[in-house]
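Everything on this sheet refers to the single structure shown next.
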Amino acid sequence: MKQCIVKLMVQPSRGLIDEKFIVLVQKVPPGFQLTVHALHKCEDGHSWEAFGHYTSNATGTVNVSEDPSLGGTYSGVEQMGLLWSLRPVPGRKPGLRLRKMNVQTPMEVTISVYQGHQTEGFMDQVPLASVVVERWYMAPGIRRILITEDGLTATLFLPPGPGPFPGLLDLWGGEGKLLEYCAALLASYGIASLGLDYLTPKITMETGKLMDKQYFETAYRLLEQHPQVLSSRIAMLGLSLGASMTLKMAVYSQVIKVRLCAVCISGSHVQPIGGSLDDVYVCTIYRNMGKRRTGKNNEMINRDLLLPIPTDPTLKVDVGRLKCPLLLVLGDDDQNWPAQESALDMKQIMEQAGNSHLLTVLSYPNAGHLIEPPYTPHFRASSFNSVQSTETVMTLWGGEMVAHSRAQEDAWRKMLDFLRENLFSGSNPGAAS
C-alpha cells in the first residue's frame, strides 16, 4: 500500500441533502479489504460517524453504490448508507439527535478510506484518502427572509426567479423552535415555503401564553398576500403536533382556505375542536399522563395518550368536512403518536362523509415517528423536552433503521409528487421547476 496512491471520488461532491452521491475507490490491490468511513461534526459540536466494510474487485475498485458492505453501521448494497446510518462517535452522551439548525451552511461530511475492516479508532489513524462533501438544504439562489412583523416568528424561503410561486405553510413538531430545514428544501423545489415557530415564538416567550388560531391565520395571510406567492395555490404541511394544527386549520379556519392540499406526517386528528394549543396540551395530553408507558430501556412511550380514539365528535377534527386532497404519512411502529389508529379513523369518517376520494395514506412497516427528509439518520429514541415541561426525557420514537430510512426516501418522493400535482397543475409559477 505504501507504493499505491489510492484514488477516492465522490460525485456530486456538492448537492442537496436528498440527492444521492456515488463513492468510488480506485487503485487499491485486487481483493483488498478496506473501510469507507463518513464523519460529520454538527453545529452543537458532537461528531457522528458511519462506515462500511468492502473488498475491492479484480480491478482494484470499490463502488459503494454497487458493491455490498460486509459489515459496519450498515450492510449490503446501500448507496446512501454513509448518511442514514450516521451515529454519535463512541463516548458521546446518549439521546442525541442530528438536525440541521443553520440552513445557510452545508452539512459537511468527510468521506475517508482506511486499510482493513475497521470498527473504531478512526481518529487515531491516517486515512488512505479523504474527500469532503457538502449537502445543502438550500439550493443556490434561494432567498431566506426572516419574518418578525405582526408578532410572528417565521422564515420565508423564496425560490429563484420572479415568481409568483405556489406557497406552503410549514408547521413542525412539539418541541418548538424555528426549524427551517424542511421549508428550505421545499423552496429548492419551487415552492415558496414559510416555516413557522408556533410553540416558542418571541411573543410566547415574553407572555408565557401559547398561540391561538389567529397566529396561524396571520402567518397564512402573510404568505397569501406576498407578491411572489400565488394566493390561490397554498398548501399546509405538518409533522406530529404540526399535523394536528394543520388538520384543524384546514377544516375550521375561515381564513386558511386550504383548497389545494394538506400533508400530515405522523399526526392525529384527536383534539378538542373548540380549544387552543393550551387545550390540546391540557385536555388531550396532560390529563392522560397516566397512560404513558416505558420501553425496555426506560424510554417514554407516548402513543397511548390519545388512545382509544374517542367517539365523541367534539374531541376530534371532523375531516369529513375537508375539501382538499389530504396526504397522511405514517410509520406503523410509531411509538410516540397513534398515527396509524388516527389514519384509520379519519378514513372511516371521510368514507361516511363521502370525501374519502380526497385521502391518500402512506403507511410504512417498521417505520417510526420521525419521518424526515431522505438520508436523515434514524433515531429510535432521543432526548426530548416539550414546551410545556422543564423535564427532559428519553422518548421512544420507534422504527427500525433500514426500514425507516427506506420510508423516508419513498415518502419524500411521493410527497413531492403530491405537492407538484396539486400546486403546479395547470399553472406556470414563474421560474419554479
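Quick note on naming: the chains in the C-alpha cells go A, B, ... in the order shown, residues restart at 1 in each chain, and ligands are numbered from 1 in order of appearance.
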
Tell me, as a PDB file with C-alpha atoms, in the first residue's frame, which residues lie within 12 Å of Leu305 of chain A, counting only C-alpha atoms; anything in the same chain fewer than 3 positions away does not count.
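Output saved as selection14.pdb:
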```
ATOM      1  CA  SER A 268     -53.536  12.770  14.681  1.00  0.00           C
ATOM      2  CA  VAL A 270     -57.645  13.862  18.124  1.00  0.00           C
ATOM      3  CA  GLN A 271     -58.003  17.210  19.931  1.00  0.00           C
ATOM      4  CA  VAL A 280     -54.546  20.428  23.282  1.00  0.00           C
ATOM      5  CA  TYR A 281     -51.812  20.094  25.890  1.00  0.00           C
ATOM      6  CA  VAL A 282     -54.015  20.209  28.984  1.00  0.00           C
ATOM      7  CA  CYS A 283     -57.121  18.321  27.848  1.00  0.00           C
ATOM      8  CA  THR A 284     -55.584  15.854  25.446  1.00  0.00           C
ATOM      9  CA  ILE A 285     -52.104  15.196  26.801  1.00  0.00           C
ATOM     10  CA  TYR A 286     -51.551  16.148  30.427  1.00  0.00           C
ATOM     11  CA  ARG A 287     -54.820  14.719  31.690  1.00  0.00           C
ATOM     12  CA  ASN A 288     -53.767  11.389  30.202  1.00  0.00           C
ATOM     13  CA  MET A 289     -50.232  11.234  31.586  1.00  0.00           C
ATOM     14  CA  GLY A 290     -51.151   8.081  33.462  1.00  0.00           C
ATOM     15  CA  LYS A 291     -51.321   6.281  30.117  1.00  0.00           C
ATOM     16  CA  ARG A 292     -47.624   6.781  29.484  1.00  0.00           C
ATOM     17  CA  ARG A 293     -45.526   3.622  29.356  1.00  0.00           C
ATOM     18  CA  MET A 300     -41.000   7.131  27.436  1.00  0.00           C
ATOM     19  CA  ILE A 301     -43.781   5.826  25.169  1.00  0.00           C
ATOM     20  CA  ASN A 302     -46.462   8.436  24.492  1.00  0.00           C
ATOM     21  CA  PRO A 308     -58.544   4.848  22.439  1.00  0.00           C
ATOM     22  CA  ILE A 309     -59.591   7.151  19.599  1.00  0.00           C
ATOM     23  CA  PRO A 310     -62.634   8.960  21.034  1.00  0.00           C
ATOM     24  CA  GLN A 335     -44.291   4.792  19.479  1.00  0.00           C
ATOM     25  CA  ASN A 336     -44.940   8.490  20.108  1.00  0.00           C
ATOM     26  CA  TRP A 337     -48.309   9.130  18.478  1.00  0.00           C
ATOM     27  CA  PRO A 338     -51.166   6.834  17.405  1.00  0.00           C
ATOM     28  CA  ALA A 339     -50.822   7.888  13.772  1.00  0.00           C
TER      29      ALA A 339
END
```

- prompt: Where in segment 131-277 of chain A does DSSP assign alpha helix (DSSP H), given as an NGL selection string?
  reply: :A and (181-187 or 202-207 or 213-225 or 241-252 or 277)

For the residues in the current selection, export N, CA and C atoms as a compact mmCIF listing (two decimals), in the first residue's frame.
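result01.txt, freshly written:
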```txt
# COMPACT_ATOMS: atom_id res chain seq x y z
N TYR A 181 -35.27 23.58 8.04
CA TYR A 181 -34.68 22.74 7.00
C TYR A 181 -35.70 22.18 6.01
N CYS A 182 -36.90 21.87 6.46
CA CYS A 182 -37.90 21.34 5.53
C CYS A 182 -38.40 22.44 4.59
N ALA A 183 -38.68 23.63 5.13
CA ALA A 183 -39.13 24.75 4.30
C ALA A 183 -38.07 25.13 3.28
N ALA A 184 -36.80 25.14 3.70
CA ALA A 184 -35.72 25.49 2.79
C ALA A 184 -35.61 24.48 1.65
N LEU A 185 -35.76 23.19 1.98
CA LEU A 185 -35.65 22.15 0.97
C LEU A 185 -36.83 22.19 0.00
N LEU A 186 -38.02 22.47 0.50
CA LEU A 186 -39.19 22.58 -0.37
C LEU A 186 -39.06 23.78 -1.31
N ALA A 187 -38.47 24.88 -0.82
CA ALA A 187 -38.24 26.03 -1.69
C ALA A 187 -37.27 25.69 -2.81
N LYS A 202 -41.40 34.55 19.80
CA LYS A 202 -40.98 35.60 20.73
C LYS A 202 -42.12 36.04 21.63
N ILE A 203 -43.32 36.15 21.07
CA ILE A 203 -44.45 36.64 21.86
C ILE A 203 -44.81 35.64 22.97
N THR A 204 -44.68 34.35 22.72
CA THR A 204 -44.94 33.35 23.75
C THR A 204 -43.88 33.38 24.83
N MET A 205 -42.63 33.55 24.42
CA MET A 205 -41.54 33.60 25.39
C MET A 205 -41.66 34.83 26.29
N GLU A 206 -42.29 35.90 25.79
CA GLU A 206 -42.46 37.12 26.58
C GLU A 206 -43.69 37.07 27.48
N THR A 207 -44.78 36.42 26.99
CA THR A 207 -46.04 36.43 27.74
C THR A 207 -46.33 35.11 28.45
N LYS A 213 -55.58 30.36 17.17
CA LYS A 213 -55.67 30.17 15.72
C LYS A 213 -55.37 31.46 14.95
N GLN A 214 -55.51 32.62 15.59
CA GLN A 214 -55.22 33.88 14.89
C GLN A 214 -53.76 33.97 14.50
N TYR A 215 -52.89 33.36 15.28
CA TYR A 215 -51.46 33.37 14.96
C TYR A 215 -51.21 32.62 13.65
N PHE A 216 -51.83 31.46 13.50
CA PHE A 216 -51.69 30.68 12.27
C PHE A 216 -52.31 31.42 11.09
N GLU A 217 -53.44 32.06 11.34
CA GLU A 217 -54.11 32.80 10.28
C GLU A 217 -53.30 34.01 9.83
N THR A 218 -52.61 34.64 10.77
CA THR A 218 -51.73 35.76 10.42
C THR A 218 -50.60 35.30 9.52
N ALA A 219 -50.03 34.15 9.84
CA ALA A 219 -48.96 33.59 9.00
C ALA A 219 -49.48 33.24 7.62
N TYR A 220 -50.66 32.67 7.57
CA TYR A 220 -51.25 32.31 6.28
C TYR A 220 -51.51 33.56 5.43
N ARG A 221 -52.05 34.61 6.07
CA ARG A 221 -52.31 35.85 5.33
C ARG A 221 -51.02 36.45 4.78
N LEU A 222 -49.95 36.40 5.58
CA LEU A 222 -48.68 36.93 5.11
C LEU A 222 -48.22 36.21 3.85
N LEU A 223 -48.37 34.90 3.84
CA LEU A 223 -48.00 34.11 2.67
C LEU A 223 -48.93 34.42 1.50
N GLU A 224 -50.20 34.48 1.79
CA GLU A 224 -51.22 34.72 0.76
C GLU A 224 -51.06 36.08 0.09
N GLN A 225 -50.64 37.08 0.84
CA GLN A 225 -50.55 38.45 0.32
C GLN A 225 -49.17 38.79 -0.24
N LEU A 241 -47.33 17.24 16.15
CA LEU A 241 -48.29 18.24 16.62
C LEU A 241 -48.63 19.21 15.50
N GLY A 242 -47.66 19.51 14.64
CA GLY A 242 -47.92 20.38 13.49
C GLY A 242 -48.98 19.80 12.57
N ALA A 243 -49.04 18.47 12.47
CA ALA A 243 -50.08 17.83 11.66
C ALA A 243 -51.46 18.05 12.28
N SER A 244 -51.52 17.99 13.62
CA SER A 244 -52.79 18.25 14.30
C SER A 244 -53.29 19.66 14.02
N MET A 245 -52.37 20.62 14.06
CA MET A 245 -52.74 22.01 13.78
C MET A 245 -53.13 22.19 12.31
N THR A 246 -52.44 21.49 11.43
CA THR A 246 -52.76 21.57 10.01
C THR A 246 -54.19 21.10 9.75
N LEU A 247 -54.55 19.96 10.32
CA LEU A 247 -55.91 19.45 10.13
C LEU A 247 -56.96 20.41 10.69
N LYS A 248 -56.68 20.95 11.85
CA LYS A 248 -57.65 21.85 12.49
C LYS A 248 -57.86 23.11 11.68
N MET A 249 -56.75 23.71 11.23
CA MET A 249 -56.86 24.94 10.45
C MET A 249 -57.51 24.69 9.10
N ALA A 250 -57.19 23.56 8.47
CA ALA A 250 -57.73 23.27 7.15
C ALA A 250 -59.23 23.05 7.18
N VAL A 251 -59.74 22.56 8.31
CA VAL A 251 -61.17 22.27 8.41
C VAL A 251 -61.98 23.44 8.96
N TYR A 252 -61.44 24.10 10.00
CA TYR A 252 -62.28 25.05 10.74
C TYR A 252 -61.95 26.52 10.51
N LEU A 277 -54.14 25.82 21.64
CA LEU A 277 -52.98 24.96 21.87
C LEU A 277 -52.89 24.54 23.33
```

query: Could you name the residues that touch segment 361-366 of chain A at 6 Å or less, counting only C-alpha atoms, but leaving out those on the same chain fewer than 4 positions away, as a VMD selection string?
result: chain A and resid 327 to 333 399 to 400 403

Best match for closeness to Glu66 of chain A among A:Leu322, A:Ile17, A:Ala411, A:Val25, counting only C-alpha atoms: A:Val25

field: Best match for closeness to Glu372 of chain A among A:Leu98, A:Met236, A:Leu178, A:Met138, counting only C-alpha atoms
entry: A:Leu98

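Each of A:Lys93, A:His53, A:Arg233, A:Lys27 was compared to Arg420 of chain A using only C-alpha atoms, and A:Arg233 turns out to be the nearest.
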
message: Based on the backbone DSSP call, show me all residues of segment 68-170 of chain A assigned strand (DSSP E), as an MDAnalysis selection string.
response: chainID A and resid 87:88 107:115 129:136 143:147 154:158 165:170
